[in-house]
Number of protein chains: 2
Amino acid sequence: MSETSVRAADEAAVTSSPDSFLGPFNTKLLAAREASRSLATATAQVKNDALEAIARAVLSGAERVIAANELDLEAGRQAGLSEGLQDRLRLDLARLEGLADAVRDVAALVDPVGQVVRGSTLPNGLGLTQVRVPFGVVGAIYEARPNVTIDIAALALKSGNAVVLRGGSAAQNSNGVLVELIQQAIASVGLPSELVQTIDEFGREGATQLMRSRGLIDVLIPRGSANLIQTVVRESQVPVIETGDGIVHVFLDESADADLAAAIVHNAKTQRPSVCNALETLLVHSAAAERLLPGVLGGLRASGVTIHGDERTAAVFPDVVPASEDDWATEYMSLDLAVRVVDGLDEAMEHIRRYSTHHTESIITQSLANSERFLAEVDSAVVMVNASTRFTDGGEFGFGAEVGISTQKLHARGPMGLPELTSTKWIVRGTGQVRS
Amino acid sequence: MSETSVRAADEAAVTSSPDSFLGPFNTKLLAAREASRSLATATAQVKNDALEAIARAVLSGAERVIAANELDLEAGRQAGLSEGLQDRLRLDLARLEGLADAVRDVAALVDPVGQVVRGSTLPNGLGLTQVRVPFGVVGAIYEARPNVTIDIAALALKSGNAVVLRGGSAAQNSNGVLVELIQQAIASVGLPSELVQTIDEFGREGATQLMRSRGLIDVLIPRGSANLIQTVVRESQVPVIETGDGIVHVFLDESADADLAAAIVHNAKTQRPSVCNALETLLVHSAAAERLLPGVLGGLRASGVTIHGDERTAAVFPDVVPASEDDWATEYMSLDLAVRVVDGLDEAMEHIRRYSTHHTESIITQSLANSERFLAEVDSAVVMVNASTRFTDGGEFGFGAEVGISTQKLHARGPMGLPELTSTKWIVRGTGQVRS
């Protein structure tokens with residue numbers, strides 16, 4: 001971004017003052033930017049105090065949160081929200097306790113701000129240091145999962161950023177109370193409450209305007225369905241970190257161990273089918289299909305998985321739903337699995353190249369050569385050998401809480417932790433050097 | 001990017017086949033992507049051989065390049081191209097030798113691909129490694145500077161990327177010959193010539209389409225005027241690395257040493273006024289204006305610099321052009337300098353916050369406290385103390401050749417070297433681990 005933030009903001013504020021929408025909207029964003037400056041140089045101790053206050057506020061305000069959440073849930077039930085979405089929307093005491101713990105986990109993480117990335121002394125004596133600094137203001141657009149409100153706010157604050165939140169309208173009551181609690185907590189430690197703000201009251205137009213707020217928002221993080229993310233990616237003029245849908249593949253190579261294959265596939269598909277790192281398409285080496293598929297697919301069937309298989313799959317494991325081209329390109333996020341028999345590693349990688357969203361792919365093999373080729377040649381955020389794709393996760397990777405899993409190649413790729421919520425700047429210390 | 005590259009490409013190719021423009025255009029981009037795969041796993045040796053071949057080709061083909069360049073120059077002269085732009089367009093033997101040397105310098109750099117960024121063994125035994133990988137296909141949109149053609153091609157190849165070039169139409173003849181030479185050189189070492197391609201033949205529409213080629217182009221780098229860059233930033237659906245215009249500031253603090261201030265300001269303004277790291281606005285502490293300005297501005301005037309000063313500047317250094325609001329927001333790129341007297345560090349930083357493009361700012365001071373505040377609180381890609389802003393440069397920073405200077409906060413900030421032309425991926429090595 002040509003960081004002409006203040007100029008852009010001033011222009012926006014001036015040109016929008018007659019507008020009853022844009023004026024109040026930009027006032028919020030400008031307040032966030034102003035507040036972000038006080039956070040950029042805040043100590044880790046102050047930020048941790050704020051996080052501890054938030055954790056306490058989420059618990060002490062639990063009754064209010066749950067009451068607001070019940071309103072959202074009731075509206076959702078009446079609007080015919082699916083069981084799965086209702087579950088994502090639901091906040092109960094146990095979940096709030098989990099969220100408070102997660103906030104304290106974030107407080108316990110190393111502060112990325114001020115970390116020296118690299119440095120050197122140039123031949124002319126100039127001292128060069130690249131240090132991590134906050135982005136400034138992070139925008140988040142997400143769906144009806146109020147836990148994201150707490151997650152993103154905690155991660156943003158710890159990494160020194162203000163955050164402007166646009167949650168799903170189905171969670172508006174829950175988010176409203178949560179943001180209020182967060183703001184009170186922040187103010188209680190002497191930081192400006194404008195560091196965390198919601199623009200839910202501006203509705204859809206607010207989301208659209210957020211995507212146009214280049215210069216006011218430094219980076220935008222969409223979280224949710226592929227549809228939401230692609231809309232933001234397409235329409236945003238603010239730089240986006242794309243967190244991704246996952247058409248995730250496992251390839252059972254000729255030499256795959258049968259028990260290991262069955263355990264990994266079962267775990268990758270069934271342990272939590274609604275998330276992006278769950279397995280969607282299983283590819284099997286034709287020379288091993290007869291040996292592996294009955295056991296692997298039998299185990300899945302016993303756990304209620306519907307198999308969408310190609311003809312060669314049906315030949316060794318009858319009674320599958322016939323798979324079509326569409327199945328290869330579908331992220332089911334349910335107990336469904338596409339299965340295709342391929343004639344080896346090259347065909348498996350060709351299938352992945354064609355249909356993968358390049359999130360996570362895993363090869364199950366005992367061949368060193370094939371594992372190395374797969375790891376080198378498959379162009380995905382995470383490539384694995386002999387492991388469940390469910391491990392693609394910031395928590396599992398040891399990052400503490402997770403901002404999301406980036407499927408873009410710019411800035412961050414794969415699970416993102418705190419450092420991915422920062423930028424850097426170069427500090428140059430001289431004693432009068434000029435360039436010749 | 002949801003790396004649905006092949007699908008997007010297929011769709012584009014299919015839907016565009018009746019179109020005489022989009023068909024051939026996408027065919028080129030698909031060829032670049034296909035070629036990029038052969039480069040992703042190429043050894044550093046093969047890439048260096050290609051670069052050496054390019055260096056030789058630029059020299060052995062010098063006569064052809066210079067003849068083509070003369071056509072461009074003649075057309076430019078007839079079209080009234082300014083002296084400065086003609087100079088940027090010009091290629092002579094000395095400059096070609098310099099370019100060949102620069103290509104060899106790139107070959108000598110450490111290959112970023114395959115570098116391990118970080119790694120660990122998780123408690124469950126999973127081995128985790130984050131390694132650098134190429135983006136895939138880089139797009140470059142730039143103006144009539146044919147040296148950029150060679151620079152970007154060399155940097156892209158060394159970092160494992162294919163590159164699609166859109167140069168300024170005023171350099172089309174020069175670029176055509178250069179790309180032809182590069183392609184022959186690449187092919188001579190057994191790599192696909194489609195790794196480097198120009199889309200100049202598609203004219204403006206080609207540039208527009210390049211910005212829409214999400215899924216085919218992984219990252220787009222605009223290089224040139226602020227106008228060009230802002231257009232790309234605004235219109236591109238492909239992730240952009242914004243290389244920046246610089247409204248660069250120097251602040252002379254109350255305690256600044258007079259000789260050091262004069263030397264640094266003179267160097268920052270006059271050593272090469274047409275580039276983005278040249279000084280544009282000088283801020284002076286009011287308590288030091290009388291002591292410093294006559295010497296500092298006198299030296300500049302002697303070198304032909306026009307001073308655009310505010311009233312307080314004129315009070316101690318008469319006969320300046322009166323500065324207006326516009327001057328604070330102008331990147332002159334010429335022997336002009338805006339000068340403003342401020343009442344201290346806070347007012348200087350407030351001015352910078354308001355008008356800077358956040359490229360480079362330098363404080364000249366003997367105060368430790370003020371230097372530390374300036375370095376911590378000024379939110380620019382490069383912040384300096386007692387050094388000329390002209391040092392914001394990949395070459396000066398020791399990166400070898402330079403891709404540009406990023407003024408965005410995502411992915412890269414400040415001078416970019418080879419690692420900034422790569423992404424990363426995570427490699428996970430397991431022995432059957434499943435998630436519980």
# chains A, B, ... in the order shown; residues from 1 in each chain; ligands from 1
call {"tool": "calpha_fit_and_write", "arguments": {"fixed": "chain A", "moving": "chain B", "output": "compact mmCIF listing (two decimals) with C-alpha atoms, in the first residue's frame"}}
result
# COMPACT_ATOMS: atom_id res chain seq x y z
CA MET B 1 0.04 0.04 -0.12
CA SER B 2 1.25 3.51 -0.77
CA GLU B 3 0.77 4.29 2.87
CA THR B 4 -0.85 7.62 2.26
CA SER B 5 -3.11 6.64 5.05
CA VAL B 6 -3.84 9.94 6.63
CA ARG B 7 -4.32 11.69 3.33
CA ALA B 8 -6.62 8.95 2.06
CA ALA B 9 -8.51 9.04 5.32
CA ASP B 10 -8.83 12.78 5.30
CA GLU B 11 -10.08 12.76 1.76
CA ALA B 12 -12.52 9.99 2.56
CA ALA B 13 -13.73 11.77 5.67
CA VAL B 14 -14.11 15.05 3.84
CA THR B 15 -15.78 13.72 0.74
CA SER B 16 -18.08 11.56 2.77
CA SER B 17 -19.18 13.98 5.45
CA PRO B 18 -22.54 14.63 3.78
CA ASP B 19 -23.08 10.89 3.58
CA SER B 20 -24.84 9.46 6.58
CA PHE B 21 -23.17 6.10 6.02
CA LEU B 22 -19.60 6.81 4.98
CA GLY B 23 -18.98 9.55 7.52
CA PRO B 24 -19.59 7.45 10.64
CA PHE B 25 -17.95 4.45 8.96
CA ASN B 26 -14.71 6.27 8.20
CA THR B 27 -14.75 7.91 11.61
CA LYS B 28 -14.59 4.42 13.09
CA LEU B 29 -11.75 3.38 10.84
CA LEU B 30 -9.81 6.56 11.53
CA ALA B 31 -10.27 5.99 15.24
CA ALA B 32 -8.89 2.48 14.82
CA ARG B 33 -5.85 3.86 13.01
CA GLU B 34 -5.27 6.54 15.61
CA ALA B 35 -5.59 3.92 18.35
CA SER B 36 -3.20 1.58 16.54
CA ARG B 37 -0.42 4.12 16.97
CA SER B 38 -0.59 3.86 20.73
CA LEU B 39 -0.30 0.10 20.41
CA ALA B 40 2.62 0.04 17.97
CA THR B 41 5.08 0.98 20.67
CA ALA B 42 3.24 -0.62 23.61
CA THR B 43 5.23 -3.10 25.70
CA ALA B 44 4.38 -6.79 25.71
CA GLN B 45 3.39 -6.36 29.36
CA VAL B 46 0.68 -3.83 28.56
CA LYS B 47 -0.65 -6.00 25.75
CA ASN B 48 -0.67 -9.06 28.01
CA ASP B 49 -2.52 -7.11 30.68
CA ALA B 50 -5.14 -6.25 28.09
CA LEU B 51 -5.46 -9.89 27.07
CA GLU B 52 -5.80 -11.03 30.68
CA ALA B 53 -8.51 -8.42 31.16
CA ILE B 54 -10.29 -9.74 28.07
CA ALA B 55 -10.10 -13.32 29.32
CA ARG B 56 -11.62 -12.26 32.62
CA ALA B 57 -14.27 -10.14 30.91
CA VAL B 58 -15.37 -13.04 28.69
CA LEU B 59 -15.94 -15.13 31.82
CA SER B 60 -17.46 -12.48 34.05
CA GLY B 61 -19.73 -11.43 31.21
CA ALA B 62 -20.60 -15.00 30.26
CA GLU B 63 -24.25 -14.68 31.20
CA ARG B 64 -24.72 -11.66 28.95
CA VAL B 65 -22.84 -13.33 26.09
CA ILE B 66 -24.86 -16.52 26.37
CA ALA B 67 -28.13 -14.59 26.52
CA ALA B 68 -27.18 -12.65 23.38
CA ASN B 69 -26.04 -15.85 21.74
CA GLU B 70 -29.38 -17.46 22.55
CA LEU B 71 -31.10 -14.64 20.65
CA ASP B 72 -28.87 -15.34 17.64
CA LEU B 73 -29.48 -19.09 17.91
CA GLU B 74 -33.23 -18.62 18.14
CA ALA B 75 -33.22 -16.35 15.09
CA GLY B 76 -31.02 -18.90 13.33
CA ARG B 77 -33.38 -21.76 14.12
CA GLN B 78 -36.31 -19.76 12.81
CA ALA B 79 -34.36 -18.93 9.68
CA GLY B 80 -33.67 -22.62 9.17
CA LEU B 81 -29.94 -22.49 9.93
CA SER B 82 -28.46 -25.98 9.54
CA GLU B 83 -27.44 -27.99 12.61
CA GLY B 84 -23.81 -27.58 11.63
CA LEU B 85 -24.05 -23.80 11.41
CA GLN B 86 -26.00 -23.62 14.64
CA ASP B 87 -23.19 -25.55 16.28
CA ARG B 88 -20.63 -23.08 14.97
CA LEU B 89 -22.75 -20.22 16.24
CA ARG B 90 -23.33 -21.64 19.73
CA LEU B 91 -21.51 -20.26 22.77
CA ASP B 92 -21.95 -21.96 26.13
CA LEU B 93 -19.99 -21.65 29.35
CA ALA B 94 -17.59 -24.43 28.39
CA ARG B 95 -16.84 -22.79 25.07
CA LEU B 96 -16.37 -19.39 26.70
CA GLU B 97 -13.96 -20.95 29.17
CA GLY B 98 -12.13 -22.42 26.22
CA LEU B 99 -12.01 -19.01 24.56
CA ALA B 100 -10.70 -17.35 27.72
CA ASP B 101 -8.01 -20.02 27.91
CA ALA B 102 -7.15 -19.39 24.27
CA VAL B 103 -6.77 -15.66 24.98
CA ARG B 104 -4.42 -16.48 27.87
CA ASP B 105 -2.52 -18.80 25.55
CA VAL B 106 -2.06 -15.89 23.16
CA ALA B 107 -0.83 -13.72 26.03
CA ALA B 108 1.74 -16.41 26.81
CA LEU B 109 3.12 -16.37 23.28
CA VAL B 110 6.30 -14.50 22.45
CA ASP B 111 5.56 -10.94 21.31
CA PRO B 112 6.58 -10.78 17.64
CA VAL B 113 6.82 -6.97 17.61
CA GLY B 114 10.39 -5.76 17.80
CA GLN B 115 11.85 -9.14 16.91
CA VAL B 116 14.96 -8.73 14.80
CA VAL B 117 14.51 -10.67 11.58
CA ARG B 118 18.02 -10.02 10.29
CA GLY B 119 20.70 -7.39 10.31
CA SER B 120 24.22 -6.56 9.35
CA THR B 121 26.82 -3.83 9.31
CA LEU B 122 27.48 -2.59 5.82
CA PRO B 123 31.04 -1.99 4.57
CA ASN B 124 30.49 1.76 5.00
CA GLY B 125 29.64 1.30 8.66
CA LEU B 126 25.87 1.66 8.36
CA GLY B 127 24.10 -0.57 10.86
CA LEU B 128 21.13 -2.33 9.27
CA THR B 129 18.38 -4.07 11.23
CA GLN B 130 15.09 -5.49 10.00
CA VAL B 131 12.56 -5.62 12.82
CA ARG B 132 8.99 -6.80 13.08
CA VAL B 133 6.36 -4.08 13.39
CA PRO B 134 2.56 -4.29 13.48
CA PHE B 135 0.61 -3.88 10.26
CA GLY B 136 -1.45 -1.13 11.86
CA VAL B 137 -5.12 -1.92 11.33
CA VAL B 138 -6.30 -5.40 10.40
CA GLY B 139 -9.76 -5.98 8.98
CA ALA B 140 -11.56 -9.29 9.45
CA ILE B 141 -14.61 -10.47 7.56
CA TYR B 142 -16.04 -13.73 8.77
CA GLU B 143 -19.20 -15.72 9.19
CA ALA B 144 -21.45 -16.55 12.10
CA ARG B 145 -18.75 -17.92 14.40
CA PRO B 146 -18.49 -15.63 17.41
CA ASN B 147 -15.39 -17.43 18.67
CA VAL B 148 -13.55 -15.79 15.76
CA THR B 149 -14.34 -12.40 17.31
CA ILE B 150 -12.32 -13.28 20.41
CA ASP B 151 -9.61 -15.17 18.52
CA ILE B 152 -8.88 -12.43 16.01
CA ALA B 153 -9.07 -9.64 18.58
CA ALA B 154 -6.58 -11.41 20.84
CA LEU B 155 -4.18 -12.20 18.00
CA ALA B 156 -4.41 -8.69 16.58
CA LEU B 157 -3.75 -7.02 19.94
CA LYS B 158 -0.83 -9.27 20.80
CA SER B 159 0.74 -8.50 17.43
CA GLY B 160 0.24 -4.77 18.00
CA ASN B 161 -2.63 -4.24 15.56
CA ALA B 162 -5.97 -2.57 15.88
CA VAL B 163 -8.75 -4.65 14.36
CA VAL B 164 -12.01 -3.85 12.63
CA LEU B 165 -14.43 -6.78 12.72
CA ARG B 166 -17.25 -7.65 10.40
CA GLY B 167 -18.87 -10.87 11.64
CA GLY B 168 -21.78 -12.72 10.15
CA SER B 169 -25.13 -11.05 10.72
CA ALA B 170 -26.44 -14.28 12.25
CA ALA B 171 -24.05 -13.71 15.18
CA GLN B 172 -24.60 -9.99 15.51
CA ASN B 173 -26.01 -10.06 19.05
CA SER B 174 -23.23 -12.32 20.30
CA ASN B 175 -20.54 -10.25 18.63
CA GLY B 176 -22.00 -6.99 19.90
CA VAL B 177 -21.71 -8.09 23.50
CA LEU B 178 -18.29 -9.66 22.98
CA VAL B 179 -16.88 -6.50 21.42
CA GLU B 180 -18.34 -4.40 24.22
CA LEU B 181 -16.67 -6.63 26.79
CA ILE B 182 -13.38 -6.54 24.91
CA GLN B 183 -13.47 -2.74 24.67
CA GLN B 184 -14.13 -2.36 28.39
CA ALA B 185 -11.29 -4.73 29.14
CA ILE B 186 -8.89 -2.83 26.88
CA ALA B 187 -9.84 0.51 28.41
CA SER B 188 -9.37 -0.92 31.91
CA VAL B 189 -5.62 -1.25 31.28
CA GLY B 190 -5.30 2.23 29.81
CA LEU B 191 -5.34 1.38 26.11
CA PRO B 192 -7.83 3.03 23.73
CA SER B 193 -10.99 0.97 23.36
CA GLU B 194 -11.08 1.82 19.64
CA LEU B 195 -8.38 -0.81 19.12
CA VAL B 196 -11.16 -3.35 18.63
CA GLN B 197 -14.26 -2.32 16.77
CA THR B 198 -17.16 -3.95 15.01
CA ILE B 199 -18.78 -2.57 11.89
CA ASP B 200 -21.68 -5.02 12.08
CA GLU B 201 -24.11 -2.12 12.44
CA PHE B 202 -23.28 -1.05 8.88
CA GLY B 203 -24.55 -4.35 7.48
CA ARG B 204 -23.50 -5.64 4.10
CA GLU B 205 -22.61 -2.18 2.92
CA GLY B 206 -20.07 -2.04 5.73
CA ALA B 207 -18.36 -5.17 4.47
CA THR B 208 -18.26 -3.73 0.96
CA GLN B 209 -16.85 -0.46 2.20
CA LEU B 210 -14.26 -2.25 4.32
CA MET B 211 -12.93 -3.87 1.15
CA ARG B 212 -12.57 -0.43 -0.41
CA SER B 213 -10.78 1.11 2.57
CA ARG B 214 -7.27 0.94 1.19
CA GLY B 215 -5.10 3.27 3.24
CA LEU B 216 -7.33 2.86 6.28
CA ILE B 217 -7.09 -0.92 6.58
CA ASP B 218 -3.64 -2.44 6.06
CA VAL B 219 -4.66 -6.03 5.50
CA LEU B 220 -7.97 -7.84 5.27
CA ILE B 221 -8.47 -11.38 6.48
CA PRO B 222 -11.62 -13.16 5.32
CA ARG B 223 -12.52 -16.28 7.26
CA GLY B 224 -15.30 -18.65 6.35
CA SER B 225 -16.78 -20.30 3.31
CA ALA B 226 -15.02 -20.50 -0.03
CA ASN B 227 -17.71 -18.23 -1.38
CA LEU B 228 -17.08 -15.50 1.18
CA ILE B 229 -13.35 -15.71 0.70
CA GLN B 230 -13.50 -15.60 -3.09
CA THR B 231 -15.80 -12.58 -2.98
CA VAL B 232 -13.35 -10.73 -0.75
CA VAL B 233 -10.36 -11.77 -2.84
CA ARG B 234 -12.07 -10.58 -6.01
CA GLU B 235 -13.52 -7.34 -4.73
CA SER B 236 -11.06 -6.08 -2.15
CA GLN B 237 -8.74 -3.20 -2.92
CA VAL B 238 -7.15 -3.76 0.46
CA PRO B 239 -4.43 -6.44 0.41
CA VAL B 240 -5.99 -9.74 1.41
CA ILE B 241 -4.60 -12.76 3.17
CA GLU B 242 -6.62 -15.53 1.63
CA THR B 243 -7.47 -18.28 4.06
CA GLY B 244 -8.47 -21.26 2.23
CA ASP B 245 -10.91 -23.82 1.31
CA GLY B 246 -9.28 -27.18 1.11
CA ILE B 247 -9.81 -29.77 -1.56
CA VAL B 248 -7.33 -31.94 0.29
CA HIS B 249 -5.84 -35.11 -1.19
CA VAL B 250 -4.25 -38.25 0.18
CA PHE B 251 -2.41 -40.49 -2.28
CA LEU B 252 -1.95 -44.13 -1.37
CA ASP B 253 1.17 -45.17 -3.18
CA GLU B 254 1.85 -48.73 -4.33
CA SER B 255 4.01 -49.43 -1.29
CA ALA B 256 1.67 -47.92 1.31
CA ASP B 257 1.34 -49.88 4.54
CA ALA B 258 -2.29 -51.04 4.75
CA ASP B 259 -2.88 -50.36 8.45
CA LEU B 260 -1.14 -47.00 8.33
CA ALA B 261 -3.14 -46.03 5.23
CA ALA B 262 -6.44 -47.02 6.83
CA ALA B 263 -5.66 -45.14 10.04
CA ILE B 264 -4.54 -41.95 8.31
CA VAL B 265 -7.37 -41.85 5.80
CA HIS B 266 -9.93 -42.53 8.54
CA ASN B 267 -8.48 -39.79 10.70
CA ALA B 268 -8.16 -37.28 7.85
CA LYS B 269 -11.75 -37.85 6.71
CA THR B 270 -13.75 -38.45 9.87
CA GLN B 271 -12.03 -36.76 12.80
CA ARG B 272 -13.61 -33.41 11.92
CA PRO B 273 -15.08 -33.47 8.42
CA SER B 274 -16.33 -29.85 8.44
CA VAL B 275 -12.92 -28.18 8.46
CA CYS B 276 -10.59 -27.20 5.67
CA ASN B 277 -7.83 -29.70 6.44
CA ALA B 278 -10.17 -32.69 6.24
CA LEU B 279 -9.57 -35.14 3.41
CA GLU B 280 -11.82 -34.73 0.35
CA THR B 281 -10.29 -36.89 -2.38
CA LEU B 282 -8.43 -40.16 -1.99
CA LEU B 283 -6.15 -41.24 -4.83
CA VAL B 284 -4.95 -44.83 -4.94
CA HIS B 285 -2.21 -46.45 -6.97
CA SER B 286 -3.84 -48.97 -9.32
CA ALA B 287 -1.33 -51.64 -8.33
CA ALA B 288 -2.43 -51.32 -4.72
CA ALA B 289 -6.15 -50.68 -5.13
CA GLU B 290 -7.18 -54.27 -4.58
CA ARG B 291 -4.90 -54.66 -1.58
CA LEU B 292 -5.78 -51.36 0.10
CA LEU B 293 -9.23 -50.12 -0.82
CA PRO B 294 -11.44 -52.79 0.82
CA GLY B 295 -9.86 -52.17 4.21
CA VAL B 296 -9.54 -48.39 3.88
CA LEU B 297 -13.02 -47.80 2.50
CA GLY B 298 -14.63 -50.45 4.70
CA GLY B 299 -13.39 -48.58 7.75
CA LEU B 300 -14.79 -45.33 6.41
CA ARG B 301 -18.13 -46.88 5.53
CA ALA B 302 -18.40 -48.21 9.09
CA SER B 303 -18.05 -44.60 10.26
CA GLY B 304 -20.84 -43.43 7.97
CA VAL B 305 -18.77 -42.08 5.10
CA THR B 306 -20.37 -42.05 1.65
CA ILE B 307 -17.89 -43.11 -0.99
CA HIS B 308 -18.00 -41.35 -4.38
CA GLY B 309 -15.81 -43.65 -6.45
CA ASP B 310 -14.71 -43.88 -10.05
CA GLU B 311 -15.24 -47.10 -12.01
CA ARG B 312 -11.93 -48.63 -11.00
CA THR B 313 -12.78 -48.00 -7.36
CA ALA B 314 -16.15 -49.65 -7.82
CA ALA B 315 -14.37 -52.64 -9.36
CA VAL B 316 -12.71 -53.48 -6.04
CA PHE B 317 -15.19 -51.87 -3.63
CA PRO B 318 -18.68 -52.15 -5.12
CA ASP B 319 -21.69 -50.19 -4.09
CA VAL B 320 -20.14 -46.73 -4.27
CA VAL B 321 -21.86 -43.60 -5.55
CA PRO B 322 -20.45 -43.08 -9.06
CA ALA B 323 -18.04 -40.14 -8.99
CA SER B 324 -18.15 -37.48 -11.70
CA GLU B 325 -15.84 -34.63 -12.64
CA ASP B 326 -17.70 -32.48 -10.12
CA ASP B 327 -16.66 -34.71 -7.25
CA TRP B 328 -12.98 -34.06 -7.91
CA ALA B 329 -13.64 -30.32 -7.64
CA THR B 330 -15.85 -30.43 -4.55
CA GLU B 331 -14.97 -29.58 -0.97
CA TYR B 332 -17.65 -31.71 0.73
CA MET B 333 -16.91 -30.69 4.34
CA SER B 334 -19.10 -33.65 5.25
CA LEU B 335 -18.84 -37.42 5.57
CA ASP B 336 -18.36 -37.82 1.83
CA LEU B 337 -15.18 -38.87 0.08
CA ALA B 338 -14.22 -38.92 -3.58
CA VAL B 339 -12.02 -41.88 -4.53
CA ARG B 340 -10.07 -42.36 -7.74
CA VAL B 341 -7.67 -45.04 -8.86
CA VAL B 342 -4.63 -43.67 -10.71
CA ASP B 343 -1.77 -45.35 -12.49
CA GLY B 344 1.01 -44.08 -10.29
CA LEU B 345 2.65 -41.07 -8.74
CA ASP B 346 2.68 -38.93 -11.88
CA GLU B 347 -1.02 -39.37 -12.51
CA ALA B 348 -1.72 -38.67 -8.83
CA MET B 349 0.27 -35.42 -8.98
CA GLU B 350 -1.40 -34.48 -12.25
CA HIS B 351 -4.81 -34.95 -10.61
CA ILE B 352 -3.72 -32.86 -7.63
CA ARG B 353 -2.37 -30.13 -9.90
CA ARG B 354 -5.69 -30.02 -11.67
CA TYR B 355 -8.17 -30.15 -8.80
CA SER B 356 -6.40 -29.19 -5.60
CA THR B 357 -6.88 -25.87 -3.86
CA HIS B 358 -3.22 -26.35 -2.84
CA HIS B 359 -3.97 -26.41 0.86
CA THR B 360 -2.66 -29.81 2.05
CA GLU B 361 -1.77 -33.06 0.33
CA SER B 362 -0.30 -36.21 1.86
CA ILE B 363 1.35 -39.27 0.34
CA ILE B 364 1.26 -42.63 2.12
CA THR B 365 4.25 -44.60 0.94
CA GLN B 366 7.27 -46.61 1.96
CA SER B 367 9.25 -45.40 -1.04
CA LEU B 368 11.85 -42.78 -0.22
CA ALA B 369 12.11 -41.72 -3.87
CA ASN B 370 8.37 -41.25 -4.25
CA SER B 371 8.01 -39.38 -0.96
CA GLU B 372 10.78 -36.98 -1.94
CA ARG B 373 9.28 -36.40 -5.38
CA PHE B 374 5.84 -35.78 -3.89
CA LEU B 375 7.20 -33.32 -1.30
CA ALA B 376 9.25 -31.46 -3.91
CA GLU B 377 6.81 -31.37 -6.81
CA VAL B 378 3.39 -30.92 -5.23
CA ASP B 379 2.85 -27.19 -5.00
CA SER B 380 0.67 -26.87 -1.90
CA ALA B 381 0.92 -24.88 1.31
CA VAL B 382 1.55 -28.09 3.26
CA VAL B 383 2.84 -31.34 1.80
CA MET B 384 3.09 -34.45 3.96
CA VAL B 385 4.33 -37.98 3.96
CA ASN B 386 2.69 -40.64 6.13
CA ALA B 387 0.68 -38.19 8.22
CA SER B 388 -2.93 -37.11 8.55
CA THR B 389 -3.86 -33.90 6.74
CA ARG B 390 -5.62 -32.79 9.92
CA PHE B 391 -2.23 -31.65 11.25
CA THR B 392 -2.31 -28.55 9.04
CA ASP B 393 -3.22 -26.30 11.93
CA GLY B 394 -1.55 -23.46 13.78
CA GLY B 395 -2.15 -25.11 17.14
CA GLU B 396 -0.67 -28.42 15.97
CA PHE B 397 2.28 -26.60 14.42
CA GLY B 398 3.01 -25.03 17.80
CA PHE B 399 1.99 -21.46 16.97
CA GLY B 400 -0.47 -21.16 19.85
CA ALA B 401 -3.71 -19.81 18.48
CA GLU B 402 -4.22 -19.68 14.74
CA VAL B 403 -5.12 -16.76 12.51
CA GLY B 404 -6.16 -19.05 9.70
CA ILE B 405 -4.52 -21.13 7.03
CA SER B 406 -3.26 -19.11 4.10
CA THR B 407 -3.62 -20.65 0.66
CA GLN B 408 -2.02 -17.71 -1.09
CA LYS B 409 1.66 -17.47 -1.82
CA LEU B 410 2.24 -13.87 -0.84
CA HIS B 411 3.30 -12.98 2.71
CA ALA B 412 2.13 -16.14 4.43
CA ARG B 413 1.41 -19.69 3.30
CA GLY B 414 -0.12 -22.42 5.41
CA PRO B 415 -1.01 -22.06 9.09
CA MET B 416 -0.45 -18.49 10.27
CA GLY B 417 0.70 -17.52 13.73
CA LEU B 418 1.48 -14.18 15.33
CA PRO B 419 4.47 -13.25 13.14
CA GLU B 420 2.22 -13.52 10.09
CA LEU B 421 0.19 -10.64 11.56
CA THR B 422 3.18 -8.33 11.43
CA SER B 423 5.13 -6.46 8.81
CA THR B 424 8.75 -5.38 9.12
CA LYS B 425 10.70 -2.20 8.82
CA TRP B 426 14.36 -1.49 8.22
CA ILE B 427 16.31 0.57 10.72
CA VAL B 428 19.51 2.20 9.45
CA ARG B 429 21.93 3.73 11.95
CA GLY B 430 24.58 5.98 10.50
CA THR B 431 27.22 8.48 11.52
CA GLY B 432 26.92 10.80 8.55
CA GLN B 433 27.24 8.36 5.65
CA VAL B 434 26.42 9.64 2.17
CA ARG B 435 26.20 7.65 -1.03
CA SER B 436 28.90 8.03 -3.62
call {"tool": "select_by_dssp", "arguments": {"residues": "stretch 112-306 of chain B", "states": "strand (DSSP E or B)", "output": "number ranges by chain"}}
result
B: 116-121, 127-134, 137-142, 162-166, 196-198, 214, 217, 219-223, 240, 243, 248-252, 279-285, 306
call {"tool": "select_by_dssp", "arguments": {"residues": "stretch 42-279 of chain B", "states": "alpha helix (DSSP H)", "output": "ChimeraX atom specification"}}
result
/B:44-60,62-78,83-89,93-108,146-158,172-188,203-211,226-235,258-270
